[in-house]
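Report on one structure; see the data block that follows.
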Amino acid sequence: MNLKDLLQKYKNGEVGIDDTQACIRSLGYVPVCDVANIDTFRKHRTGIMEAVLAEGKTSEDVLEIAKAQIEATGRVLITRLSEDQSTCLENEFGSERIDWGIHHRTAVVHNGTPIRKTGGVVAIISAGTADINVAEEARMTAAEMGCETVKIYDVGVAGLHRLLNEVKNLESDRPDAVVVAAGREGTLPTVVSSLFDVPVIGLPVSTGYGIGAQGEAALYSMLQSCSVLSVVNIDAGFVAGAFAGRIANTVAAAREQTDPVVIENQQGRLS
């Protein structure tokens with residue numbers, strides 16, 4: 001329940017003052033089994049929802065945190081899942097309550113609570129197939145923020161014609177922001193940024209080998225880009241998706257405010 005709904009229920013006499021006070025306090029965070037304090041009010045405070053990083057946690061911890069987040073907000077995004085953790089979630093919630101990313105490394109578990117669509121559009125591009133897991137983390141994050149997402153995978157510079165064949169389709173989708181995931185030499189974000197007039201976020205991926213392995217060469221290349229782009233940390237799919245989602249949602253809100261129909265409804269006339 002969000003704060004506005006809670007206050008409306010109090011105004012209508014549906015909940016008492018003591019219960020309202022307890023609920024408001026719980027909007028800050030919820031302790032989970034002495035292992036976590038989940039920030040259930042983060043989306044209302046920052047526009048970016050709380051997410052669960054599964055890496056470094058036991059399957060039991062991931063499960064308990066997921067249950068608490070779902071009880072509080074109806075949905076939870078979980079990133080960097082191991083095979084055992086994914087199996088644990090499947091056994092507990094069943095496939096009908098889980099939306100999986102490709103390869104089951106990222107998941108959204110829900111109780112049927114829908115996402116409120118914002119009108120923002122985020123495109124996710126991966127240079128190679130090996131970059132898809134990180135790209136999917138970014139895509140599902142943006143989607144959980146209410147954005148429509150468009151994905152174009154395996155269109156790296158080793159075969160640049162693959163990207164060029166997608167340019168017209170991508171232009172028709174009119175994304176508000178683009179995330180480009182690339183490992184090895186990390187060139188693709190620079191190319192994409194030179195082709196489109198929307199913000200591009202470079203997402204270096206820890207693929208590749210030899211000198212500059214584990215995403216270091218990709219990160220350095222993106223930071224040295226001669227076309228304008230922002231760059232997040234290596235494998236930071238959640239950060240890239242959240243940043244793109246925030247941009248897209250801001251653009252969508254501005255677009256709505258400048259729509260003639262909206263202005264007419266608000267002011268009683270066209271401005």
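Chain labels A, B, ... are given in the sequence in which chains occur in the structure tokens; within each chain residues are numbered consecutively from 1, and ligands are likewise numbered from 1 in the order shown.
Non-sequential neighbours of Leu160 of chain A (distance at most 10 Å, separation of 6 or more positions within a chain, only C-alpha atoms) are Ala127, Leu188 and Val191 of chain A.
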Spatial neighbours of Gln224 of chain A, max dist 12 Å, only C-alpha atoms, sep filter under 3 positions, as a list in words: Glu185, Gly186, Thr187, Pro189, Thr190, Gly202, Ala217, Ala218, Leu219, Tyr220, Ser221, Ser227, Val228, Leu229, Ser230 and Val231 of chain A
Can you write out the residues you just picked, keeping N, CA and C atoms, as a compact mmCIF listing (two decimals), in the first residue's frame?
```txt
# COMPACT_ATOMS: atom_id res chain seq x y z
N GLU A 185 36.14 -5.47 -26.46
CA GLU A 185 36.68 -4.11 -26.61
C GLU A 185 35.62 -3.03 -26.37
N GLY A 186 34.36 -3.41 -26.19
CA GLY A 186 33.31 -2.48 -25.78
C GLY A 186 33.04 -1.34 -26.73
N THR A 187 33.08 -1.59 -28.03
CA THR A 187 32.96 -0.52 -29.02
C THR A 187 31.52 -0.13 -29.32
N PRO A 189 28.64 0.69 -27.83
CA PRO A 189 27.94 1.88 -27.33
C PRO A 189 28.35 3.17 -28.05
N THR A 190 29.63 3.30 -28.39
CA THR A 190 30.09 4.48 -29.12
C THR A 190 29.42 4.58 -30.48
N GLY A 202 26.35 3.15 -21.70
CA GLY A 202 27.25 2.04 -21.95
C GLY A 202 27.32 1.11 -20.75
N ALA A 217 38.79 -3.79 -20.42
CA ALA A 217 38.99 -3.13 -21.71
C ALA A 217 37.70 -2.46 -22.17
N ALA A 218 36.56 -3.14 -21.98
CA ALA A 218 35.28 -2.58 -22.38
C ALA A 218 34.99 -1.30 -21.60
N LEU A 219 35.25 -1.31 -20.31
CA LEU A 219 35.02 -0.12 -19.48
C LEU A 219 35.89 1.04 -19.93
N TYR A 220 37.18 0.79 -20.11
CA TYR A 220 38.09 1.86 -20.54
C TYR A 220 37.69 2.41 -21.90
N SER A 221 37.30 1.52 -22.81
CA SER A 221 36.91 1.96 -24.14
C SER A 221 35.68 2.87 -24.08
N SER A 227 32.04 9.68 -28.96
CA SER A 227 30.65 10.12 -29.01
C SER A 227 30.11 10.12 -27.58
N VAL A 228 29.09 10.92 -27.34
CA VAL A 228 28.65 11.18 -25.96
C VAL A 228 27.81 10.03 -25.41
N LEU A 229 28.23 9.48 -24.28
CA LEU A 229 27.44 8.47 -23.60
C LEU A 229 27.80 8.46 -22.12
N SER A 230 26.90 7.93 -21.32
CA SER A 230 27.18 7.69 -19.91
C SER A 230 27.59 6.23 -19.76
N VAL A 231 28.38 5.94 -18.73
CA VAL A 231 28.90 4.58 -18.55
C VAL A 231 28.70 4.16 -17.10
```
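Summary of the local environment: counting only C-alpha atoms, residues at most 9 Å from Lys117 of chain A, other than itself and those fewer than 2 positions away along its chain, are Pro114, Ile115, Gly119, Gly120, Ala143, Met145, Gly146, Cys147 and Glu148 of chain A.
When the distance limit is 8 Å and only C-alpha atoms are what count, the residues near segment 74-80 of chain A, minus those fewer than 2 positions from it on the same chain, are Glu50, Ala51, Val52, Leu53, Ala54, Glu55, Ala66, Gln69, Ile70, Glu71, Ala72, Ser82, Arg105, Thr106, Ala107, Val108, Val109, His110, Asn111, Gly112, Thr113, Glu137, Thr141, Glu144 and Phe238 of chain A.
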What would the file look like if the residues just selected were written as a compact mmCIF listing (two decimals), in the first residue's frame with N, CA and C atoms?
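Result file result-v1.txt:
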```
# COMPACT_ATOMS: atom_id res chain seq x y z
N GLU A 50 13.13 -1.22 -4.84
CA GLU A 50 14.08 -2.10 -4.17
C GLU A 50 14.25 -3.36 -5.01
N ALA A 51 15.48 -3.85 -5.11
CA ALA A 51 15.75 -5.10 -5.82
C ALA A 51 16.61 -5.98 -4.91
N VAL A 52 16.58 -7.26 -5.18
CA VAL A 52 17.34 -8.22 -4.38
C VAL A 52 18.51 -8.74 -5.20
N LEU A 53 19.71 -8.50 -4.73
CA LEU A 53 20.91 -9.08 -5.33
C LEU A 53 21.11 -10.47 -4.73
N ALA A 54 20.89 -11.50 -5.53
CA ALA A 54 20.97 -12.87 -5.01
C ALA A 54 22.40 -13.31 -4.74
N GLU A 55 23.33 -12.75 -5.48
CA GLU A 55 24.74 -13.13 -5.33
C GLU A 55 25.21 -12.92 -3.89
N ALA A 66 12.38 -12.26 -0.59
CA ALA A 66 11.39 -12.15 -1.67
C ALA A 66 9.97 -12.17 -1.11
N GLN A 69 9.20 -8.78 0.53
CA GLN A 69 9.02 -7.70 -0.44
C GLN A 69 7.68 -7.84 -1.18
N ILE A 70 7.31 -9.07 -1.52
CA ILE A 70 6.03 -9.30 -2.20
C ILE A 70 4.87 -8.93 -1.29
N GLU A 71 4.96 -9.27 -0.04
CA GLU A 71 3.90 -8.93 0.91
C GLU A 71 3.74 -7.42 1.02
N ALA A 72 4.87 -6.70 0.95
CA ALA A 72 4.83 -5.24 1.11
C ALA A 72 4.42 -4.51 -0.16
N SER A 82 21.64 -17.86 -8.92
CA SER A 82 22.32 -19.12 -9.25
C SER A 82 21.26 -20.14 -9.64
N ARG A 105 18.72 -15.97 -14.96
CA ARG A 105 19.63 -15.27 -14.03
C ARG A 105 18.95 -14.08 -13.35
N THR A 106 17.88 -13.58 -13.95
CA THR A 106 17.09 -12.49 -13.39
C THR A 106 15.64 -12.92 -13.38
N ALA A 107 14.92 -12.52 -12.31
CA ALA A 107 13.51 -12.91 -12.20
C ALA A 107 12.71 -11.83 -11.51
N VAL A 108 11.43 -11.78 -11.85
CA VAL A 108 10.46 -10.97 -11.12
C VAL A 108 9.43 -11.93 -10.54
N VAL A 109 9.29 -11.90 -9.23
CA VAL A 109 8.29 -12.73 -8.55
C VAL A 109 7.16 -11.80 -8.09
N HIS A 110 5.91 -12.22 -8.28
CA HIS A 110 4.79 -11.33 -7.99
C HIS A 110 3.58 -12.11 -7.50
N ASN A 111 2.62 -11.37 -6.98
CA ASN A 111 1.37 -11.99 -6.53
C ASN A 111 0.20 -11.62 -7.43
N GLY A 112 0.52 -11.17 -8.65
CA GLY A 112 -0.50 -10.73 -9.59
C GLY A 112 -0.62 -9.22 -9.67
N THR A 113 0.08 -8.51 -8.79
CA THR A 113 0.06 -7.05 -8.82
C THR A 113 0.69 -6.56 -10.13
N GLU A 137 19.23 -8.21 -17.30
CA GLU A 137 19.09 -7.56 -16.00
C GLU A 137 18.68 -6.10 -16.18
N THR A 141 14.86 -4.55 -15.26
CA THR A 141 14.82 -3.43 -14.33
C THR A 141 14.01 -2.28 -14.90
N GLU A 144 10.34 -3.13 -14.87
CA GLU A 144 9.73 -3.02 -13.54
C GLU A 144 9.47 -1.57 -13.15
N PHE A 238 21.57 -3.74 -13.38
CA PHE A 238 20.51 -3.08 -12.63
C PHE A 238 20.68 -1.56 -12.68
```
Please provide as a compact mmCIF listing (two decimals) with N, CA, C and O atoms, in the first residue's frame all residues within 9 Å of Asp61 of chain A, with the sequence filter that same-chain residues fewer than 6 positions apart are discarded (counting only C-alpha atoms).
```txt
# COMPACT_ATOMS: atom_id res chain seq x y z
N VAL A 32 13.97 -8.57 7.97
CA VAL A 32 13.72 -9.94 7.51
C VAL A 32 14.71 -10.89 8.18
O VAL A 32 15.89 -10.92 7.85
N CYS A 33 14.23 -11.65 9.14
CA CYS A 33 14.99 -12.76 9.74
C CYS A 33 16.42 -12.37 10.15
O CYS A 33 17.34 -13.18 10.01
N VAL A 35 18.60 -10.85 8.71
CA VAL A 35 19.60 -10.86 7.63
C VAL A 35 19.44 -9.68 6.69
O VAL A 35 20.33 -9.42 5.87
N ALA A 36 18.32 -8.97 6.76
CA ALA A 36 18.10 -7.89 5.81
C ALA A 36 17.10 -6.89 6.37
O ALA A 36 16.27 -7.21 7.22
N ALA A 54 20.89 -11.50 -5.53
CA ALA A 54 20.97 -12.87 -5.01
C ALA A 54 22.40 -13.31 -4.74
O ALA A 54 22.64 -14.17 -3.88
```
If you run DSSP on the backbone here, which positions in segment 74-251 of chain A get alpha helix (DSSP H)? Please write them as an NGL selection string. :A and (83-93 or 132-144 or 161-173 or 188-193 or 216-223 or 237-251)
May I have all residues of segment 33-197 of chain A that DSSP, computed from the backbone, assigns to strand (DSSP E or B), given as a VMD selection string? chain A and resid 36 to 38 51 to 53 75 to 79 98 to 100 107 to 110 121 to 126 148 to 152 177 to 182
Would you please work out which residue, of A:Val122, A:Phe93, A:Asn249, A:Val239, is nearest to Val200 of chain A when using only C-alpha atoms? A:Val122
Distance query Ile102 of chain A at most 8 Å, only C-alpha atoms, self and fewer than 4 positions along chain excluded, as a PyMOL selection string: chain A and resi 106+132-133+136
Would you save the residues of that selection, restricted to N, CA and C atoms, as a tab-separated table (two decimals), in the first residue's frame?
```tsv
chain	number	residue	atom	x	y	z
A	106	THR	N	17.88	-13.58	-13.95
A	106	THR	CA	17.09	-12.49	-13.39
A	106	THR	C	15.64	-12.92	-13.38
A	132	ILE	N	24.14	-11.23	-23.01
A	132	ILE	CA	22.69	-11.17	-22.84
A	132	ILE	C	22.26	-11.22	-21.38
A	133	ASN	N	22.92	-12.00	-20.53
A	133	ASN	CA	22.50	-12.07	-19.13
A	133	ASN	C	22.49	-10.70	-18.47
A	136	GLU	N	19.76	-8.53	-20.01
A	136	GLU	CA	18.44	-8.89	-19.49
A	136	GLU	C	18.19	-8.29	-18.11
```
Taking only C-alpha atoms into account, which of A:Gly56, A:Gly101, A:Gly183, A:Gly94 comes nearest Arg139 of chain A? A:Gly101
Give me the residues within 8 Å of Gly156 of chain A as an mmCIF file with all heavy atoms, in the first residue's frame, counting only C-alpha atoms and dropping any in the same chain fewer than 6 places off.
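To be explicit, this is the file written out as result_33.cif:
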```cif
data_model
loop_
_atom_site.group_PDB
_atom_site.id
_atom_site.type_symbol
_atom_site.label_atom_id
_atom_site.label_comp_id
_atom_site.auth_asym_id
_atom_site.auth_seq_id
_atom_site.Cartn_x
_atom_site.Cartn_y
_atom_site.Cartn_z
ATOM 1 N N SER A 126 22.515 -5.676 -27.054
ATOM 2 C CA SER A 126 23.711 -6.401 -26.641
ATOM 3 C C SER A 126 24.627 -6.618 -27.836
ATOM 4 O O SER A 126 24.151 -6.869 -28.953
ATOM 5 C CB SER A 126 23.368 -7.752 -25.993
ATOM 6 O OG SER A 126 23.201 -8.763 -26.970
ATOM 7 N N ALA A 127 25.935 -6.504 -27.587
ATOM 8 C CA ALA A 127 26.905 -6.731 -28.659
ATOM 9 C C ALA A 127 26.967 -8.206 -29.025
ATOM 10 O O ALA A 127 26.950 -8.562 -30.201
ATOM 11 C CB ALA A 127 28.279 -6.223 -28.232
ATOM 12 N N GLY A 128 27.040 -9.075 -28.023
ATOM 13 C CA GLY A 128 27.164 -10.505 -28.281
ATOM 14 C C GLY A 128 26.170 -11.312 -27.480
ATOM 15 O O GLY A 128 25.537 -10.813 -26.540
ATOM 16 N N ARG A 162 24.519 -6.147 -38.958
ATOM 17 C CA ARG A 162 23.389 -6.630 -38.154
ATOM 18 C C ARG A 162 22.715 -5.470 -37.432
ATOM 19 O O ARG A 162 21.479 -5.392 -37.365
ATOM 20 C CB ARG A 162 23.868 -7.685 -37.149
ATOM 21 C CG ARG A 162 24.435 -8.941 -37.794
ATOM 22 C CD ARG A 162 25.029 -9.875 -36.760
ATOM 23 N NE ARG A 162 26.173 -9.266 -36.067
ATOM 24 C CZ ARG A 162 26.872 -9.865 -35.111
ATOM 25 N NH1 ARG A 162 26.534 -11.088 -34.717
ATOM 26 N NH2 ARG A 162 27.888 -9.261 -34.540
ATOM 27 N N LEU A 163 23.513 -4.565 -36.864
ATOM 28 C CA LEU A 163 22.945 -3.389 -36.205
ATOM 29 C C LEU A 163 22.293 -2.454 -37.211
ATOM 30 O O LEU A 163 21.183 -1.949 -36.987
ATOM 31 C CB LEU A 163 24.027 -2.636 -35.438
ATOM 32 C CG LEU A 163 23.585 -1.303 -34.814
ATOM 33 C CD1 LEU A 163 22.528 -1.532 -33.742
ATOM 34 C CD2 LEU A 163 24.777 -0.547 -34.231
ATOM 35 N N ALA A 182 28.110 -4.478 -23.783
ATOM 36 C CA ALA A 182 29.180 -4.995 -24.638
ATOM 37 C C ALA A 182 30.378 -5.402 -23.799
ATOM 38 O O ALA A 182 30.764 -4.692 -22.874
ATOM 39 C CB ALA A 182 29.597 -3.938 -25.668
ATOM 40 N N LEU A 188 30.602 -1.076 -29.192
ATOM 41 C CA LEU A 188 29.247 -0.864 -29.693
ATOM 42 C C LEU A 188 28.540 0.372 -29.123
ATOM 43 O O LEU A 188 27.854 1.075 -29.878
ATOM 44 C CB LEU A 188 28.396 -2.115 -29.458
ATOM 45 C CG LEU A 188 27.018 -2.109 -30.121
ATOM 46 C CD1 LEU A 188 27.123 -2.002 -31.640
ATOM 47 C CD2 LEU A 188 26.237 -3.367 -29.736
#
```
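Atom CA of Ala123 of chain A is positioned 5.9 Å from atom CA of Pro175 of chain A.
Remark: for Thr129 of chain A, the closest of the candidate residues A:Asn37, A:Thr46, A:Ser225, A:Thr207 is A:Thr207 (distances computed over only C-alpha atoms).
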